[in-house]
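Below: target.cif (mmCIF, N, CA and C atoms)
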```cif
data_query
#
loop_
_atom_site.label_atom_id
_atom_site.label_comp_id
_atom_site.auth_asym_id
_atom_site.auth_seq_id
_atom_site.Cartn_x
_atom_site.Cartn_y
_atom_site.Cartn_z
N MET A 1 0.83 -1.19 0.00
CA MET A 1 0.00 0.00 0.00
C MET A 1 0.87 1.26 0.00
N THR A 2 1.95 1.24 0.79
CA THR A 2 2.84 2.39 0.88
C THR A 2 3.48 2.68 -0.47
N GLN A 3 3.84 1.63 -1.23
CA GLN A 3 4.45 1.82 -2.55
C GLN A 3 3.46 2.49 -3.51
N ILE A 4 2.20 2.12 -3.43
CA ILE A 4 1.18 2.71 -4.30
C ILE A 4 1.03 4.19 -4.00
N VAL A 5 0.98 4.52 -2.73
CA VAL A 5 0.85 5.93 -2.32
C VAL A 5 2.07 6.71 -2.78
N ALA A 6 3.26 6.15 -2.60
CA ALA A 6 4.49 6.83 -3.02
C ALA A 6 4.51 7.03 -4.53
N ALA A 7 4.09 6.02 -5.29
CA ALA A 7 4.04 6.14 -6.75
C ALA A 7 3.05 7.22 -7.17
N ASN A 8 1.89 7.26 -6.52
CA ASN A 8 0.89 8.29 -6.84
C ASN A 8 1.40 9.68 -6.49
N ASP A 9 2.11 9.81 -5.38
CA ASP A 9 2.69 11.09 -4.99
C ASP A 9 3.72 11.55 -6.03
N ALA A 10 4.54 10.62 -6.50
CA ALA A 10 5.54 10.96 -7.52
C ALA A 10 4.87 11.42 -8.81
N ILE A 11 3.80 10.75 -9.21
CA ILE A 11 3.07 11.14 -10.42
C ILE A 11 2.42 12.50 -10.22
N ASP A 12 1.86 12.74 -9.04
CA ASP A 12 1.25 14.04 -8.76
C ASP A 12 2.28 15.17 -8.82
N ARG A 13 3.48 14.91 -8.30
CA ARG A 13 4.54 15.92 -8.35
C ARG A 13 4.97 16.18 -9.80
N LEU A 14 5.12 15.10 -10.57
CA LEU A 14 5.48 15.25 -11.98
C LEU A 14 4.40 16.01 -12.73
N ARG A 15 3.15 15.67 -12.47
CA ARG A 15 2.03 16.35 -13.12
C ARG A 15 2.07 17.86 -12.82
N ALA A 16 2.36 18.23 -11.58
CA ALA A 16 2.43 19.65 -11.20
C ALA A 16 3.55 20.37 -11.95
N VAL A 17 4.70 19.73 -12.07
CA VAL A 17 5.83 20.33 -12.80
C VAL A 17 5.46 20.51 -14.27
N LEU A 18 4.87 19.48 -14.86
CA LEU A 18 4.49 19.55 -16.28
C LEU A 18 3.41 20.60 -16.52
N GLN A 19 2.44 20.68 -15.62
CA GLN A 19 1.38 21.69 -15.77
C GLN A 19 1.95 23.10 -15.72
N LYS A 20 2.92 23.29 -14.87
CA LYS A 20 3.55 24.62 -14.76
C LYS A 20 4.22 25.01 -16.08
N LYS A 21 4.83 24.04 -16.74
CA LYS A 21 5.56 24.32 -17.99
C LYS A 21 4.67 24.31 -19.23
N TYR A 22 3.71 23.36 -19.30
CA TYR A 22 2.93 23.15 -20.52
C TYR A 22 1.46 23.51 -20.41
N GLY A 23 0.98 23.82 -19.20
CA GLY A 23 -0.43 24.11 -19.00
C GLY A 23 -1.19 22.86 -18.59
N THR A 24 -2.44 23.05 -18.23
CA THR A 24 -3.25 21.95 -17.72
C THR A 24 -3.60 20.92 -18.79
N ARG A 25 -3.96 21.37 -19.96
CA ARG A 25 -4.32 20.46 -21.06
C ARG A 25 -3.63 20.93 -22.35
N PRO A 26 -2.33 20.64 -22.48
CA PRO A 26 -1.60 21.10 -23.67
C PRO A 26 -2.07 20.40 -24.93
N ASN A 27 -1.97 21.10 -26.04
CA ASN A 27 -2.27 20.50 -27.34
C ASN A 27 -1.00 19.80 -27.80
N ILE A 28 -0.95 18.51 -27.62
CA ILE A 28 0.25 17.71 -27.90
C ILE A 28 0.68 17.87 -29.36
N ARG A 29 -0.27 18.00 -30.25
CA ARG A 29 0.04 18.14 -31.68
C ARG A 29 0.87 19.38 -31.97
N GLN A 30 0.78 20.38 -31.11
CA GLN A 30 1.51 21.62 -31.33
C GLN A 30 2.84 21.69 -30.58
N LEU A 31 3.14 20.70 -29.77
CA LEU A 31 4.38 20.72 -29.00
C LEU A 31 5.56 20.28 -29.86
N ALA A 32 6.72 20.80 -29.53
CA ALA A 32 7.95 20.48 -30.25
C ALA A 32 8.32 19.01 -30.08
N ASP A 33 9.04 18.50 -31.06
CA ASP A 33 9.46 17.10 -31.03
C ASP A 33 10.24 16.73 -29.77
N GLN A 34 11.05 17.64 -29.25
CA GLN A 34 11.89 17.31 -28.09
C GLN A 34 11.13 17.34 -26.76
N THR A 35 9.84 17.61 -26.79
CA THR A 35 9.03 17.61 -25.56
C THR A 35 9.07 16.21 -24.94
N PRO A 36 9.31 16.12 -23.63
CA PRO A 36 9.36 14.81 -22.98
C PRO A 36 8.01 14.09 -23.06
N ILE A 37 8.07 12.80 -23.24
CA ILE A 37 6.87 11.99 -23.41
C ILE A 37 5.94 12.07 -22.20
N GLU A 38 6.49 12.35 -21.02
CA GLU A 38 5.68 12.42 -19.81
C GLU A 38 4.58 13.46 -19.89
N VAL A 39 4.69 14.43 -20.81
CA VAL A 39 3.64 15.45 -20.96
C VAL A 39 2.29 14.80 -21.27
N LEU A 40 2.31 13.59 -21.79
CA LEU A 40 1.06 12.89 -22.11
C LEU A 40 0.21 12.59 -20.87
N ILE A 41 0.81 12.62 -19.68
CA ILE A 41 -0.01 12.37 -18.49
C ILE A 41 -1.00 13.51 -18.27
N LEU A 42 -0.79 14.64 -18.92
CA LEU A 42 -1.71 15.77 -18.80
C LEU A 42 -2.93 15.62 -19.71
N CYS A 43 -2.89 14.65 -20.60
CA CYS A 43 -4.03 14.43 -21.50
C CYS A 43 -5.18 13.80 -20.73
N ASP A 44 -6.37 14.09 -21.16
CA ASP A 44 -7.57 13.60 -20.50
C ASP A 44 -7.93 12.22 -21.03
N ALA A 45 -7.10 11.24 -20.70
CA ALA A 45 -7.32 9.88 -21.17
C ALA A 45 -8.32 9.16 -20.28
N ASP A 46 -9.23 8.47 -20.90
CA ASP A 46 -10.23 7.69 -20.17
C ASP A 46 -9.72 6.26 -20.04
N MET A 47 -8.62 6.11 -19.29
CA MET A 47 -7.98 4.81 -19.16
C MET A 47 -7.39 4.68 -17.75
N ASP A 48 -7.74 3.61 -17.07
CA ASP A 48 -7.14 3.36 -15.76
C ASP A 48 -5.64 3.19 -15.94
N GLY A 49 -4.88 3.82 -15.06
CA GLY A 49 -3.44 3.67 -15.09
C GLY A 49 -2.74 4.42 -16.21
N TRP A 50 -3.41 5.43 -16.78
CA TRP A 50 -2.83 6.18 -17.90
C TRP A 50 -1.45 6.74 -17.56
N ALA A 51 -1.33 7.43 -16.44
CA ALA A 51 -0.05 8.05 -16.07
C ALA A 51 1.04 6.99 -15.90
N VAL A 52 0.71 5.87 -15.31
CA VAL A 52 1.69 4.80 -15.12
C VAL A 52 2.14 4.25 -16.48
N ARG A 53 1.20 4.08 -17.40
CA ARG A 53 1.55 3.60 -18.74
C ARG A 53 2.48 4.59 -19.43
N VAL A 54 2.16 5.87 -19.34
CA VAL A 54 2.99 6.89 -19.98
C VAL A 54 4.38 6.89 -19.37
N LYS A 55 4.46 6.83 -18.03
CA LYS A 55 5.77 6.84 -17.37
C LYS A 55 6.60 5.61 -17.71
N SER A 56 5.97 4.53 -18.15
CA SER A 56 6.73 3.32 -18.50
C SER A 56 7.30 3.37 -19.92
N LEU A 57 6.85 4.29 -20.74
CA LEU A 57 7.30 4.35 -22.14
C LEU A 57 8.82 4.51 -22.29
N PRO A 58 9.49 5.33 -21.47
CA PRO A 58 10.95 5.43 -21.63
C PRO A 58 11.70 4.14 -21.29
N GLN A 59 11.07 3.22 -20.56
CA GLN A 59 11.73 1.97 -20.20
C GLN A 59 11.39 0.83 -21.17
N ALA A 60 10.64 1.11 -22.21
CA ALA A 60 10.27 0.07 -23.18
C ALA A 60 11.51 -0.42 -23.92
N ALA A 61 11.42 -1.59 -24.53
CA ALA A 61 12.53 -2.15 -25.31
C ALA A 61 13.00 -1.14 -26.37
N THR A 62 12.05 -0.47 -26.99
CA THR A 62 12.35 0.65 -27.88
C THR A 62 11.89 1.87 -27.11
N PRO A 63 12.82 2.56 -26.42
CA PRO A 63 12.43 3.66 -25.54
C PRO A 63 11.70 4.79 -26.26
N VAL A 64 10.68 5.29 -25.60
CA VAL A 64 9.91 6.43 -26.09
C VAL A 64 10.15 7.55 -25.07
N ASN A 65 11.10 8.43 -25.37
CA ASN A 65 11.47 9.49 -24.44
C ASN A 65 10.89 10.84 -24.79
N THR A 66 10.57 11.04 -26.05
CA THR A 66 10.08 12.33 -26.51
C THR A 66 8.84 12.15 -27.37
N ILE A 67 8.16 13.26 -27.61
CA ILE A 67 7.01 13.26 -28.51
C ILE A 67 7.45 12.80 -29.90
N ALA A 68 8.65 13.20 -30.33
CA ALA A 68 9.16 12.78 -31.65
C ALA A 68 9.26 11.26 -31.75
N ASN A 69 9.76 10.61 -30.68
CA ASN A 69 9.85 9.15 -30.70
C ASN A 69 8.49 8.53 -30.97
N LEU A 70 7.48 9.03 -30.28
CA LEU A 70 6.12 8.50 -30.44
C LEU A 70 5.58 8.81 -31.82
N ARG A 71 5.78 10.01 -32.30
CA ARG A 71 5.28 10.39 -33.62
C ARG A 71 5.85 9.51 -34.72
N ARG A 72 7.07 9.05 -34.54
CA ARG A 72 7.74 8.27 -35.59
C ARG A 72 7.55 6.76 -35.45
N MET A 73 6.98 6.30 -34.35
CA MET A 73 6.77 4.87 -34.16
C MET A 73 5.60 4.36 -34.99
N THR A 74 5.76 3.16 -35.48
CA THR A 74 4.66 2.52 -36.19
C THR A 74 3.70 1.91 -35.18
N ASP A 75 2.49 1.61 -35.61
CA ASP A 75 1.53 0.96 -34.72
C ASP A 75 2.04 -0.42 -34.30
N GLU A 76 2.77 -1.10 -35.19
CA GLU A 76 3.32 -2.41 -34.85
C GLU A 76 4.33 -2.28 -33.71
N GLU A 77 5.16 -1.23 -33.74
CA GLU A 77 6.11 -1.01 -32.65
C GLU A 77 5.38 -0.72 -31.34
N LEU A 78 4.33 0.07 -31.41
CA LEU A 78 3.54 0.37 -30.21
C LEU A 78 2.89 -0.88 -29.63
N LEU A 79 2.45 -1.77 -30.50
CA LEU A 79 1.82 -3.01 -30.03
C LEU A 79 2.77 -3.86 -29.19
N ARG A 80 4.06 -3.73 -29.44
CA ARG A 80 5.06 -4.53 -28.73
C ARG A 80 5.43 -3.97 -27.36
N ILE A 81 4.93 -2.80 -27.01
CA ILE A 81 5.25 -2.20 -25.71
C ILE A 81 4.36 -2.83 -24.64
N PRO A 82 4.97 -3.50 -23.65
CA PRO A 82 4.18 -4.13 -22.59
C PRO A 82 3.30 -3.10 -21.87
N GLY A 83 2.07 -3.50 -21.60
CA GLY A 83 1.16 -2.63 -20.87
C GLY A 83 0.46 -1.61 -21.75
N LEU A 84 0.81 -1.54 -23.01
CA LEU A 84 0.19 -0.57 -23.91
C LEU A 84 -0.63 -1.30 -24.95
N GLY A 85 0.06 -2.11 -25.73
CA GLY A 85 -0.62 -2.95 -26.71
C GLY A 85 -1.74 -2.28 -27.47
N THR A 86 -2.93 -2.83 -27.33
CA THR A 86 -4.07 -2.35 -28.11
C THR A 86 -4.53 -0.97 -27.68
N ARG A 87 -4.02 -0.45 -26.56
CA ARG A 87 -4.40 0.90 -26.12
C ARG A 87 -3.62 1.97 -26.88
N ARG A 88 -2.87 1.56 -27.89
CA ARG A 88 -2.09 2.52 -28.70
C ARG A 88 -2.99 3.56 -29.35
N GLN A 89 -4.25 3.21 -29.62
CA GLN A 89 -5.18 4.16 -30.24
C GLN A 89 -5.34 5.39 -29.36
N GLU A 90 -5.34 5.20 -28.06
CA GLU A 90 -5.46 6.32 -27.13
C GLU A 90 -4.26 7.26 -27.28
N LEU A 91 -3.07 6.68 -27.38
CA LEU A 91 -1.87 7.50 -27.61
C LEU A 91 -1.96 8.24 -28.93
N ARG A 92 -2.39 7.55 -29.95
CA ARG A 92 -2.49 8.16 -31.29
C ARG A 92 -3.55 9.27 -31.32
N CYS A 93 -4.54 9.18 -30.50
CA CYS A 93 -5.55 10.22 -30.42
C CYS A 93 -4.91 11.54 -29.99
N PHE A 94 -4.02 11.47 -29.02
CA PHE A 94 -3.35 12.67 -28.51
C PHE A 94 -2.12 13.05 -29.32
N CYS A 95 -1.44 12.06 -29.87
CA CYS A 95 -0.18 12.30 -30.57
C CYS A 95 -0.13 11.43 -31.82
N PRO A 96 -0.68 11.95 -32.92
CA PRO A 96 -0.72 11.15 -34.15
C PRO A 96 0.67 10.86 -34.72
N LYS A 97 0.70 9.86 -35.54
CA LYS A 97 1.95 9.49 -36.24
C LYS A 97 2.38 10.64 -37.12
N ALA A 98 3.69 10.83 -37.22
CA ALA A 98 4.24 11.91 -38.05
C ALA A 98 3.88 11.68 -39.51
N SER A 99 3.62 12.78 -40.20
CA SER A 99 3.25 12.68 -41.61
C SER A 99 4.45 12.86 -42.53
N GLY A 100 5.61 13.06 -41.97
CA GLY A 100 6.80 13.16 -42.80
C GLY A 100 7.66 14.36 -42.47
N GLY A 101 7.08 15.52 -42.28
CA GLY A 101 7.87 16.72 -41.99
C GLY A 101 8.37 16.73 -40.56
N LYS A 102 9.47 17.42 -40.34
CA LYS A 102 10.00 17.54 -38.98
C LYS A 102 9.50 18.79 -38.33
N LYS A 103 9.29 18.70 -37.03
CA LYS A 103 8.79 19.83 -36.25
C LYS A 103 9.83 20.18 -35.21
N GLY A 104 10.12 21.46 -35.00
CA GLY A 104 11.17 21.90 -34.08
C GLY A 104 10.74 21.86 -32.74
#
```

Starting from the file, lay out its structure as structure tokens.
Amino acid sequence: MTQIVAANDAIDRLRAVLQKKYGTRPNIRQLADQTPIEVLILCDADMDGWAVRVKSLPQAATPVNTIANLRRMTDEELLRIPGLGTRRQELRCFCPKASGGKKG
């Protein structure tokens, strides 16, 4: 129980830092490629454990550290991320696949 509370406290602290920098509900599509992937915890996802899933992305076999990493990943690559799998559509809703051009 203590570990769950500590994990939730850490996520709450991270959320506060991100909100200060990016706002309460940032438009992910407009953020620069180098934006840290953790900004996705600010999205209004209707998914249990959303913040935990987002925080696990940098530890995936193919690390997802930035918005650019996610934009360039194929759906097949996303399917291979443990704990995400078929929920990749939720990620794509907030951060669509790149269409080819680079964003600063």

Open item on the list: Set the distance at 8 Å and use all atoms listed in the file: which residues neighbour segment 21-25 of chain A once local chain neighbours fewer than 5 positions away are removed? I'd like the list as a list in words.
Closed with: Arg15, Ala16, Val39, Ile41, Leu42, Cys43 and Asp44 of chain A

TODO: May I ask which of the residues A:Ile81, A:Ala32, A:Cys93, A:Ala98 is the closest one to Thr66 of chain A, counting only C-alpha atoms?
DONE: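 Smallest separation from Thr66 of chain A among the options: A:Ala32.
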
So which residues touch segment 45-60 of chain A within 12 Å, counting only C-alpha atoms, skipping near sequence neighbours fewer than 5 positions away, as a JSON list (two decimals) with N, CA and C atoms, in the frame of the given file?
```json
[["chain", "number", "residue", "atom", "x", "y", "z"],
["A", 4, "ILE", "N", 2.20, 2.12, -3.43],
["A", 4, "ILE", "CA", 1.18, 2.71, -4.30],
["A", 4, "ILE", "C", 1.03, 4.19, -4.00],
["A", 7, "ALA", "N", 4.09, 6.02, -5.29],
["A", 7, "ALA", "CA", 4.04, 6.14, -6.75],
["A", 7, "ALA", "C", 3.05, 7.22, -7.17],
["A", 8, "ASN", "N", 1.89, 7.26, -6.52],
["A", 8, "ASN", "CA", 0.89, 8.29, -6.84],
["A", 8, "ASN", "C", 1.40, 9.68, -6.49],
["A", 9, "ASP", "N", 2.11, 9.81, -5.38],
["A", 9, "ASP", "CA", 2.69, 11.09, -4.99],
["A", 9, "ASP", "C", 3.72, 11.55, -6.03],
["A", 10, "ALA", "N", 4.54, 10.62, -6.50],
["A", 10, "ALA", "CA", 5.54, 10.96, -7.52],
["A", 10, "ALA", "C", 4.87, 11.42, -8.81],
["A", 11, "ILE", "N", 3.80, 10.75, -9.21],
["A", 11, "ILE", "CA", 3.07, 11.14, -10.42],
["A", 11, "ILE", "C", 2.42, 12.50, -10.22],
["A", 12, "ASP", "N", 1.86, 12.74, -9.04],
["A", 12, "ASP", "CA", 1.25, 14.04, -8.76],
["A", 12, "ASP", "C", 2.28, 15.17, -8.82],
["A", 13, "ARG", "N", 3.48, 14.91, -8.30],
["A", 13, "ARG", "CA", 4.54, 15.92, -8.35],
["A", 13, "ARG", "C", 4.97, 16.18, -9.80],
["A", 14, "LEU", "N", 5.12, 15.10, -10.57],
["A", 14, "LEU", "CA", 5.48, 15.25, -11.98],
["A", 14, "LEU", "C", 4.40, 16.01, -12.73],
["A", 15, "ARG", "N", 3.15, 15.67, -12.47],
["A", 15, "ARG", "CA", 2.03, 16.35, -13.12],
["A", 15, "ARG", "C", 2.07, 17.86, -12.82],
["A", 25, "ARG", "N", -3.96, 21.37, -19.96],
["A", 25, "ARG", "CA", -4.32, 20.46, -21.06],
["A", 25, "ARG", "C", -3.63, 20.93, -22.35],
["A", 36, "PRO", "N", 9.31, 16.12, -23.63],
["A", 36, "PRO", "CA", 9.36, 14.81, -22.98],
["A", 36, "PRO", "C", 8.01, 14.09, -23.06],
["A", 37, "ILE", "N", 8.07, 12.80, -23.24],
["A", 37, "ILE", "CA", 6.87, 11.99, -23.41],
["A", 37, "ILE", "C", 5.94, 12.07, -22.20],
["A", 38, "GLU", "N", 6.49, 12.35, -21.02],
["A", 38, "GLU", "CA", 5.68, 12.42, -19.81],
["A", 38, "GLU", "C", 4.58, 13.46, -19.89],
["A", 39, "VAL", "N", 4.69, 14.43, -20.81],
["A", 39, "VAL", "CA", 3.64, 15.45, -20.96],
["A", 39, "VAL", "C", 2.29, 14.80, -21.27],
["A", 40, "LEU", "N", 2.31, 13.59, -21.79],
["A", 40, "LEU", "CA", 1.06, 12.89, -22.11],
["A", 40, "LEU", "C", 0.21, 12.59, -20.87],
["A", 65, "ASN", "N", 11.10, 8.43, -25.37],
["A", 65, "ASN", "CA", 11.47, 9.49, -24.44],
["A", 65, "ASN", "C", 10.89, 10.84, -24.79],
["A", 66, "THR", "N", 10.57, 11.04, -26.05],
["A", 66, "THR", "CA", 10.08, 12.33, -26.51],
["A", 66, "THR", "C", 8.84, 12.15, -27.37],
["A", 67, "ILE", "N", 8.16, 13.26, -27.61],
["A", 67, "ILE", "CA", 7.01, 13.26, -28.51],
["A", 67, "ILE", "C", 7.45, 12.80, -29.90],
["A", 69, "ASN", "N", 9.76, 10.61, -30.68],
["A", 69, "ASN", "CA", 9.85, 9.15, -30.70],
["A", 69, "ASN", "C", 8.49, 8.53, -30.97],
["A", 70, "LEU", "N", 7.48, 9.03, -30.28],
["A", 70, "LEU", "CA", 6.12, 8.50, -30.44],
["A", 70, "LEU", "C", 5.58, 8.81, -31.82],
["A", 77, "GLU", "N", 5.16, -1.23, -33.74],
["A", 77, "GLU", "CA", 6.11, -1.01, -32.65],
["A", 77, "GLU", "C", 5.38, -0.72, -31.34],
["A", 78, "LEU", "N", 4.33, 0.07, -31.41],
["A", 78, "LEU", "CA", 3.54, 0.37, -30.21],
["A", 78, "LEU", "C", 2.89, -0.88, -29.63],
["A", 79, "LEU", "N", 2.45, -1.77, -30.50],
["A", 79, "LEU", "CA", 1.82, -3.01, -30.03],
["A", 79, "LEU", "C", 2.77, -3.86, -29.19],
["A", 80, "ARG", "N", 4.06, -3.73, -29.44],
["A", 80, "ARG", "CA", 5.06, -4.53, -28.73],
["A", 80, "ARG", "C", 5.43, -3.97, -27.36],
["A", 81, "ILE", "N", 4.93, -2.80, -27.01],
["A", 81, "ILE", "CA", 5.25, -2.20, -25.71],
["A", 81, "ILE", "C", 4.36, -2.83, -24.64],
["A", 82, "PRO", "N", 4.97, -3.50, -23.65],
["A", 82, "PRO", "CA", 4.18, -4.13, -22.59],
["A", 82, "PRO", "C", 3.30, -3.10, -21.87],
["A", 83, "GLY", "N", 2.07, -3.50, -21.60],
["A", 83, "GLY", "CA", 1.16, -2.63, -20.87],
["A", 83, "GLY", "C", 0.46, -1.61, -21.75],
["A", 84, "LEU", "N", 0.81, -1.54, -23.01],
["A", 84, "LEU", "CA", 0.19, -0.57, -23.91],
["A", 84, "LEU", "C", -0.63, -1.30, -24.95],
["A", 85, "GLY", "N", 0.06, -2.11, -25.73],
["A", 85, "GLY", "CA", -0.62, -2.95, -26.71],
["A", 85, "GLY", "C", -1.74, -2.28, -27.47],
["A", 87, "ARG", "N", -4.02, -0.45, -26.56],
["A", 87, "ARG", "CA", -4.40, 0.90, -26.12],
["A", 87, "ARG", "C", -3.62, 1.97, -26.88],
["A", 88, "ARG", "N", -2.87, 1.56, -27.89],
["A", 88, "ARG", "CA", -2.09, 2.52, -28.70],
["A", 88, "ARG", "C", -2.99, 3.56, -29.35],
["A", 89, "GLN", "N", -4.25, 3.21, -29.62],
["A", 89, "GLN", "CA", -5.18, 4.16, -30.24],
["A", 89, "GLN", "C", -5.34, 5.39, -29.36],
["A", 90, "GLU", "N", -5.34, 5.20, -28.06],
["A", 90, "GLU", "CA", -5.46, 6.32, -27.13],
["A", 90, "GLU", "C", -4.26, 7.26, -27.28],
["A", 91, "LEU", "N", -3.07, 6.68, -27.38],
["A", 91, "LEU", "CA", -1.87, 7.50, -27.61],
["A", 91, "LEU", "C", -1.96, 8.24, -28.93],
["A", 92, "ARG", "N", -2.39, 7.55, -29.95],
["A", 92, "ARG", "CA", -2.49, 8.16, -31.29],
["A", 92, "ARG", "C", -3.55, 9.27, -31.32],
["A", 93, "CYS", "N", -4.54, 9.18, -30.50],
["A", 93, "CYS", "CA", -5.55, 10.22, -30.42],
["A", 93, "CYS", "C", -4.91, 11.54, -29.99],
["A", 94, "PHE", "N", -4.02, 11.47, -29.02],
["A", 94, "PHE", "CA", -3.35, 12.67, -28.51],
["A", 94, "PHE", "C", -2.12, 13.05, -29.32]]
```

TODO: Just give me the gap between atom CA of Arg71 of chain A and atom N of Ser99 of chain A in Å, one decimal is fine.
DONE: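 Atom CA of Arg71 of chain A sits 7.2 Å away from atom N of Ser99 of chain A.
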
Task: Distance of atom CA of Pro63 of chain A from atom CA of Asp33 of chain A, expressed in Å to one decimal place - done: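 Atom CA of Asp33 of chain A sits 14.8 Å away from atom CA of Pro63 of chain A.
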
Open item on the list: For a test of reading the model, state the distance in Å between atom CA of Arg29 of chain A and atom N of Met73 of chain A, rounded to one decimal.
Closed with: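 Taking atom CA of Arg29 of chain A and atom N of Met73 of chain A, their separation equals 14.0 Å.
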